[in-house]
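Q: Okay, here's the structure, questions in a sec.
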Amino acid sequence: MARPPKLALPLRDGVAASALACPPGAWTLVLDFLAERLPLVAREDWASRMARGDVLDDTGATLSPDAPYRAQRRLYYWRWLDDEPQVPFEARILHLDDHLLVADKPHFLPVTPKGRYVQQTLLTRLRRETGLAELSPVHRLDRETAGLTLFSVQPATRDAYQRLFRDRDVEKVYEAIAPWRDDVGARLPLDYESRLEEHPVDFMQMRTVDDGTAVPNARTRIALIERLGADRARYELRPHSGVKHQLRAQLCALGLPIEGDRIYPVLHPVENTVDFTCPLQLLAREIAFTDPVTGQPRRLVTSLRLAAAATRL
């Protein structure tokens, strides 16, 4: 028998309810099940959350810490973290209509909840600000990258906007600050192609494959915007593909690693305390496309700017 549709539960401080299916098993209490399946939250914390009414069954009723476990149903809970890092930069809504929200994402702010970030994410902040529970990202930017981020407002038209990115029907323009090299600069503007694959050891990195037979899967138009002294420059980047870390990996392969990059060329360890003074100097500056709902052309431009002052790791 198919499960009933998921409950439409309200946001709690901008966070949507998470659903968890209950398989057959030998758990006596719901608390036993939660403590085993989601061990990043201590059993004592789950008991406290249940006592506060933060765990519901598939009818929307609250479950107490002594609630018996029952298979073939859903549980609902709201994620929150006690020691979440605070990101001291604000997002800005640039456009909002019945179908689409466009926001400027600051550096260091993740787009969606993951790992040690829940409240300090762009999605949670925007849901809290607008009250739009169905808000969902159409595409993603890395946590370290700043700039334009698009969100679908309602499920009915969400796939139409996501399809634009899947089908590469979006013109995207980025800016980056990186070193200047005369040998590379003499070739600009440059249509740069390479083969990028996940690193077999450092999974956070992408590596360039150049064995003589590799078929390129990443292409970027690179142009100079301005020189910043003798050894730095501001570049315009127009990706024609969407490979993970494409811009960061390709500029690094050219000997132009983007300033503030903690992944290329050297993968740095995760910071216990984030240094907000050294952002990655990469900005999603413009997005242009034909709106799949209205048929009108759209060109959106960020209100953010990259700082020209030198940054160092």
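In the structure tokens, chains take the letters A, B, ... in the order shown, each chain's residues start at 1, and ligands count up from 1 in the order shown.
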Set the distance at 12 Å and use only C-alpha atoms: which residues neighbour His245 (chain A) once local chain neighbours fewer than 5 positions away are removed? I'd like the list as an mmCIF file with N, CA, C and O atoms, in the first residue's frame.

A:
```
data_model
loop_
_atom_site.group_PDB
_atom_site.id
_atom_site.type_symbol
_atom_site.label_atom_id
_atom_site.label_comp_id
_atom_site.auth_asym_id
_atom_site.auth_seq_id
_atom_site.Cartn_x
_atom_site.Cartn_y
_atom_site.Cartn_z
ATOM 1 N N ARG A 140 22.746 25.920 -8.016
ATOM 2 C CA ARG A 140 23.555 26.078 -6.807
ATOM 3 C C ARG A 140 24.819 26.869 -7.100
ATOM 4 O O ARG A 140 25.378 26.780 -8.195
ATOM 5 N N LEU A 141 25.265 27.610 -6.096
ATOM 6 C CA LEU A 141 26.600 28.179 -6.075
ATOM 7 C C LEU A 141 27.360 27.548 -4.914
ATOM 8 O O LEU A 141 26.766 27.201 -3.892
ATOM 9 N N ASP A 142 28.676 27.419 -5.060
ATOM 10 C CA ASP A 142 29.484 26.968 -3.936
ATOM 11 C C ASP A 142 29.315 27.923 -2.765
ATOM 12 O O ASP A 142 29.067 29.130 -2.951
ATOM 13 N N ARG A 143 29.502 27.405 -1.562
ATOM 14 C CA ARG A 143 29.411 28.245 -0.360
ATOM 15 C C ARG A 143 30.367 29.429 -0.447
ATOM 16 O O ARG A 143 30.039 30.539 -0.008
ATOM 17 N N GLU A 144 31.545 29.222 -1.036
ATOM 18 C CA GLU A 144 32.560 30.271 -1.072
ATOM 19 C C GLU A 144 32.291 31.331 -2.135
ATOM 20 O O GLU A 144 32.862 32.421 -2.083
ATOM 21 N N THR A 145 31.451 31.025 -3.124
ATOM 22 C CA THR A 145 31.184 31.938 -4.240
ATOM 23 C C THR A 145 30.031 32.877 -3.892
ATOM 24 O O THR A 145 29.051 32.467 -3.274
ATOM 25 N N LEU A 196 37.778 17.613 -16.994
ATOM 26 C CA LEU A 196 37.818 17.644 -15.537
ATOM 27 C C LEU A 196 37.129 16.404 -14.982
ATOM 28 O O LEU A 196 36.029 16.045 -15.420
ATOM 29 N N GLU A 197 37.773 15.768 -14.002
ATOM 30 C CA GLU A 197 37.206 14.620 -13.322
ATOM 31 C C GLU A 197 37.491 14.736 -11.832
ATOM 32 O O GLU A 197 38.451 15.409 -11.427
ATOM 33 N N GLU A 198 36.676 14.068 -11.024
ATOM 34 C CA GLU A 198 36.900 14.105 -9.590
ATOM 35 C C GLU A 198 38.242 13.467 -9.249
ATOM 36 O O GLU A 198 38.633 12.453 -9.816
ATOM 37 N N HIS A 199 38.925 14.089 -8.300
ATOM 38 C CA HIS A 199 40.223 13.570 -7.852
ATOM 39 C C HIS A 199 39.999 12.236 -7.146
ATOM 40 O O HIS A 199 39.077 12.105 -6.331
ATOM 41 N N PHE A 203 38.536 14.082 -2.770
ATOM 42 C CA PHE A 203 37.263 14.142 -3.491
ATOM 43 C C PHE A 203 36.717 15.555 -3.607
ATOM 44 O O PHE A 203 35.862 15.825 -4.444
ATOM 45 N N MET A 204 37.201 16.487 -2.782
ATOM 46 C CA MET A 204 36.742 17.867 -2.885
ATOM 47 C C MET A 204 37.276 18.547 -4.141
ATOM 48 O O MET A 204 36.728 19.541 -4.594
ATOM 49 N N GLN A 205 38.351 18.029 -4.701
ATOM 50 C CA GLN A 205 38.978 18.656 -5.849
ATOM 51 C C GLN A 205 38.570 17.984 -7.154
ATOM 52 O O GLN A 205 38.239 16.804 -7.181
ATOM 53 N N MET A 206 38.620 18.763 -8.230
ATOM 54 C CA MET A 206 38.559 18.238 -9.587
ATOM 55 C C MET A 206 39.975 18.317 -10.170
ATOM 56 O O MET A 206 40.729 19.246 -9.878
ATOM 57 N N ARG A 207 40.337 17.328 -10.983
ATOM 58 C CA ARG A 207 41.655 17.339 -11.597
ATOM 59 C C ARG A 207 41.525 17.383 -13.113
ATOM 60 O O ARG A 207 40.537 16.917 -13.690
ATOM 61 N N THR A 208 42.534 17.952 -13.754
ATOM 62 C CA THR A 208 42.577 18.016 -15.206
ATOM 63 C C THR A 208 43.185 16.731 -15.750
ATOM 64 O O THR A 208 44.268 16.319 -15.319
ATOM 65 N N ALA A 218 34.655 20.553 -20.269
ATOM 66 C CA ALA A 218 34.511 21.864 -19.636
ATOM 67 C C ALA A 218 35.080 22.931 -20.571
ATOM 68 O O ALA A 218 36.237 22.828 -21.005
ATOM 69 N N THR A 220 35.274 27.280 -21.153
ATOM 70 C CA THR A 220 35.054 28.602 -20.569
ATOM 71 C C THR A 220 35.707 29.666 -21.444
ATOM 72 O O THR A 220 36.843 29.497 -21.903
ATOM 73 N N PRO A 239 31.253 30.491 -18.597
ATOM 74 C CA PRO A 239 31.250 29.035 -18.749
ATOM 75 C C PRO A 239 30.195 28.580 -19.755
ATOM 76 O O PRO A 239 29.068 29.057 -19.739
ATOM 77 N N GLN A 250 39.849 25.294 -13.767
ATOM 78 C CA GLN A 250 40.460 25.682 -15.040
ATOM 79 C C GLN A 250 41.435 26.841 -14.867
ATOM 80 O O GLN A 250 42.527 26.826 -15.459
ATOM 81 N N LEU A 251 41.075 27.846 -14.085
ATOM 82 C CA LEU A 251 42.019 28.938 -13.875
ATOM 83 C C LEU A 251 43.272 28.442 -13.160
ATOM 84 O O LEU A 251 44.386 28.865 -13.475
ATOM 85 N N CYS A 252 43.098 27.540 -12.213
ATOM 86 C CA CYS A 252 44.260 26.983 -11.522
ATOM 87 C C CYS A 252 45.154 26.233 -12.504
ATOM 88 O O CYS A 252 46.387 26.329 -12.453
ATOM 89 N N ALA A 253 44.554 25.472 -13.431
ATOM 90 C CA ALA A 253 45.336 24.727 -14.416
ATOM 91 C C ALA A 253 46.135 25.660 -15.321
ATOM 92 O O ALA A 253 47.193 25.276 -15.838
ATOM 93 N N ILE A 258 42.403 31.319 -8.300
ATOM 94 C CA ILE A 258 41.606 32.452 -7.823
ATOM 95 C C ILE A 258 41.995 32.791 -6.386
ATOM 96 O O ILE A 258 42.174 31.893 -5.555
ATOM 97 N N ASP A 261 41.142 30.960 -2.662
ATOM 98 C CA ASP A 261 40.658 29.592 -2.891
ATOM 99 C C ASP A 261 41.345 28.634 -1.918
ATOM 100 O O ASP A 261 42.577 28.512 -1.920
ATOM 101 N N ILE A 263 40.705 25.384 -1.980
ATOM 102 C CA ILE A 263 40.680 24.049 -2.591
ATOM 103 C C ILE A 263 41.732 23.909 -3.688
ATOM 104 O O ILE A 263 42.350 22.866 -3.839
ATOM 105 N N TYR A 264 41.963 24.986 -4.449
ATOM 106 C CA TYR A 264 42.925 24.953 -5.557
ATOM 107 C C TYR A 264 43.966 26.050 -5.352
ATOM 108 O O TYR A 264 43.614 27.182 -5.003
ATOM 109 N N LEU A 282 35.507 35.193 -6.373
ATOM 110 C CA LEU A 282 34.718 34.703 -7.507
ATOM 111 C C LEU A 282 33.281 35.163 -7.322
ATOM 112 O O LEU A 282 32.697 34.965 -6.245
#
```

Q: Name the residues of region 106-279 of chain A that fall into strand (DSSP E or B) according to DSSP on the backbone, using the chain letters and numbers of this document, as a ChimeraX atom specification.

A: /A:114,117,136-137,146-152,171-179,190-194,196-198,206-208,218-227,232-239

Q: With only C-alpha atoms as the counted atoms, please give the residues lying no more than 8 Å from region 72-87 of chain A, apart from itself and same-chain residues fewer than 2 positions off, as a list in words.

A: Arg3, Arg12, Val15, Ala16, Ala17, Ser18, Ala19, Leu20, Ala21, Cys22, Pro23, Pro24, Asp54, Val55, Leu56, Asp57, Asp58, Arg70, Phe89, Phe108, Leu109, Arg116, Tyr117, Val118, Gln119, Gln120 and Thr273 of chain A

Q: Selection from above, C-alpha atoms, as a PDB file, in the first residue's frame, can you write it?

A:
```
ATOM      1  CA  ARG A   3       2.066   5.885   1.798  1.00  0.00           C
ATOM      2  CA  ARG A  12       9.777  26.851  11.896  1.00  0.00           C
ATOM      3  CA  VAL A  15      13.263  25.675   8.295  1.00  0.00           C
ATOM      4  CA  ALA A  16      10.985  23.192   6.531  1.00  0.00           C
ATOM      5  CA  ALA A  17      10.104  19.904   8.202  1.00  0.00           C
ATOM      6  CA  SER A  18      12.209  16.882   7.248  1.00  0.00           C
ATOM      7  CA  ALA A  19      10.459  13.546   6.683  1.00  0.00           C
ATOM      8  CA  LEU A  20      11.846  10.176   7.765  1.00  0.00           C
ATOM      9  CA  ALA A  21      10.339   6.832   6.720  1.00  0.00           C
ATOM     10  CA  CYS A  22       9.967   4.119   9.381  1.00  0.00           C
ATOM     11  CA  PRO A  23      10.982   0.670   8.078  1.00  0.00           C
ATOM     12  CA  PRO A  24      10.202  -2.615   9.834  1.00  0.00           C
ATOM     13  CA  ASP A  54       9.480  18.921  17.659  1.00  0.00           C
ATOM     14  CA  VAL A  55       8.804  15.378  16.361  1.00  0.00           C
ATOM     15  CA  LEU A  56       5.459  14.524  14.719  1.00  0.00           C
ATOM     16  CA  ASP A  57       3.845  11.395  13.330  1.00  0.00           C
ATOM     17  CA  ASP A  58       2.172  11.077   9.932  1.00  0.00           C
ATOM     18  CA  ARG A  70       5.469   1.726  14.584  1.00  0.00           C
ATOM     19  CA  PHE A  89      26.853  38.918   5.763  1.00  0.00           C
ATOM     20  CA  PHE A 108      30.580  31.989   2.916  1.00  0.00           C
ATOM     21  CA  LEU A 109      26.790  31.434   2.991  1.00  0.00           C
ATOM     22  CA  ARG A 116      26.913  22.155  10.124  1.00  0.00           C
ATOM     23  CA  TYR A 117      24.714  24.783   8.430  1.00  0.00           C
ATOM     24  CA  VAL A 118      20.911  25.021   8.767  1.00  0.00           C
ATOM     25  CA  GLN A 119      19.849  28.519   9.847  1.00  0.00           C
ATOM     26  CA  GLN A 120      22.918  30.083   8.268  1.00  0.00           C
ATOM     27  CA  THR A 273      36.673  28.986  12.883  1.00  0.00           C
TER      28      THR A 273
END
```

Q: Find the residues around Leu300 (chain A) up to 9 Å (only C-alpha atoms counted), leave out those fewer than 4 positions away in its own chain, and share them as JSON, numbers by chain.

A: {"A": [94, 95, 102, 148, 285, 286, 287, 288]}

Q: Store the residues picked out above, limited to all heavy atoms, as a short mmCIF file (atom, residue, chain, number, x, y, z; two decimals), in the first residue's frame.

A:
```
data_model
loop_
_atom_site.label_atom_id
_atom_site.label_comp_id
_atom_site.auth_asym_id
_atom_site.auth_seq_id
_atom_site.Cartn_x
_atom_site.Cartn_y
_atom_site.Cartn_z
N LEU A 94 16.78 40.59 -5.14
CA LEU A 94 16.82 41.50 -6.28
C LEU A 94 15.55 41.46 -7.10
O LEU A 94 15.20 42.45 -7.77
CB LEU A 94 18.01 41.15 -7.18
CG LEU A 94 19.40 41.16 -6.55
CD1 LEU A 94 20.44 40.77 -7.60
CD2 LEU A 94 19.72 42.52 -5.95
N HIS A 95 14.85 40.32 -7.07
CA HIS A 95 13.63 40.16 -7.88
C HIS A 95 12.75 39.11 -7.23
O HIS A 95 13.22 38.09 -6.74
CB HIS A 95 14.00 39.71 -9.30
CG HIS A 95 12.81 39.33 -10.13
ND1 HIS A 95 12.08 40.25 -10.85
CD2 HIS A 95 12.20 38.12 -10.33
CE1 HIS A 95 11.09 39.64 -11.47
NE2 HIS A 95 11.12 38.35 -11.17
N VAL A 102 15.10 35.99 -7.17
CA VAL A 102 16.52 36.11 -7.45
C VAL A 102 17.16 36.87 -6.29
O VAL A 102 16.68 37.93 -5.90
CB VAL A 102 16.79 36.84 -8.77
CG1 VAL A 102 18.29 36.90 -9.06
CG2 VAL A 102 16.05 36.16 -9.92
N LEU A 148 24.59 35.95 -7.92
CA LEU A 148 23.21 35.68 -8.26
C LEU A 148 22.82 34.22 -8.04
O LEU A 148 23.52 33.31 -8.49
CB LEU A 148 22.96 36.03 -9.73
CG LEU A 148 23.11 37.51 -10.11
CD1 LEU A 148 23.02 37.66 -11.63
CD2 LEU A 148 22.04 38.35 -9.44
N ARG A 285 28.14 37.19 -11.69
CA ARG A 285 27.80 38.59 -11.96
C ARG A 285 26.50 38.77 -12.73
O ARG A 285 25.70 39.64 -12.43
CB ARG A 285 28.94 39.23 -12.77
CG ARG A 285 28.82 40.73 -12.92
CD ARG A 285 29.94 41.25 -13.80
NE ARG A 285 29.69 41.00 -15.23
CZ ARG A 285 30.61 41.16 -16.19
NH1 ARG A 285 31.84 41.52 -15.86
NH2 ARG A 285 30.29 40.94 -17.45
N GLU A 286 26.27 37.93 -13.75
CA GLU A 286 25.09 38.11 -14.60
C GLU A 286 24.49 36.76 -14.97
O GLU A 286 25.21 35.77 -15.11
CB GLU A 286 25.46 38.85 -15.90
CG GLU A 286 25.99 40.25 -15.73
CD GLU A 286 26.38 40.87 -17.05
OE1 GLU A 286 25.66 40.65 -18.05
OE2 GLU A 286 27.43 41.53 -17.11
N ILE A 287 23.16 36.76 -15.17
CA ILE A 287 22.45 35.61 -15.71
C ILE A 287 21.43 36.13 -16.71
O ILE A 287 20.70 37.08 -16.42
CB ILE A 287 21.74 34.79 -14.62
CG1 ILE A 287 22.76 34.10 -13.71
CG2 ILE A 287 20.82 33.75 -15.23
CD1 ILE A 287 22.13 33.25 -12.62
N ALA A 288 21.38 35.52 -17.90
CA ALA A 288 20.41 35.92 -18.92
C ALA A 288 19.75 34.68 -19.49
O ALA A 288 20.40 33.66 -19.71
CB ALA A 288 21.09 36.73 -20.03
#
```

Q: With distances taken over only C-alpha atoms, which residue among A:Arg187, A:Arg227, A:Arg52, A:His107 lies nearest Ala284 (chain A)?

A: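 The shortest atom-to-atom distance to Ala284 (chain A) comes from A:His107.
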
Q: Nearest residue to Gln154 (chain A) out of A:Arg234, A:Arg166, A:His99, A:His240, using only C-alpha atoms?

A: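 When distances to Gln154 (chain A) are compared using only C-alpha atoms, the smallest one comes from A:His99.
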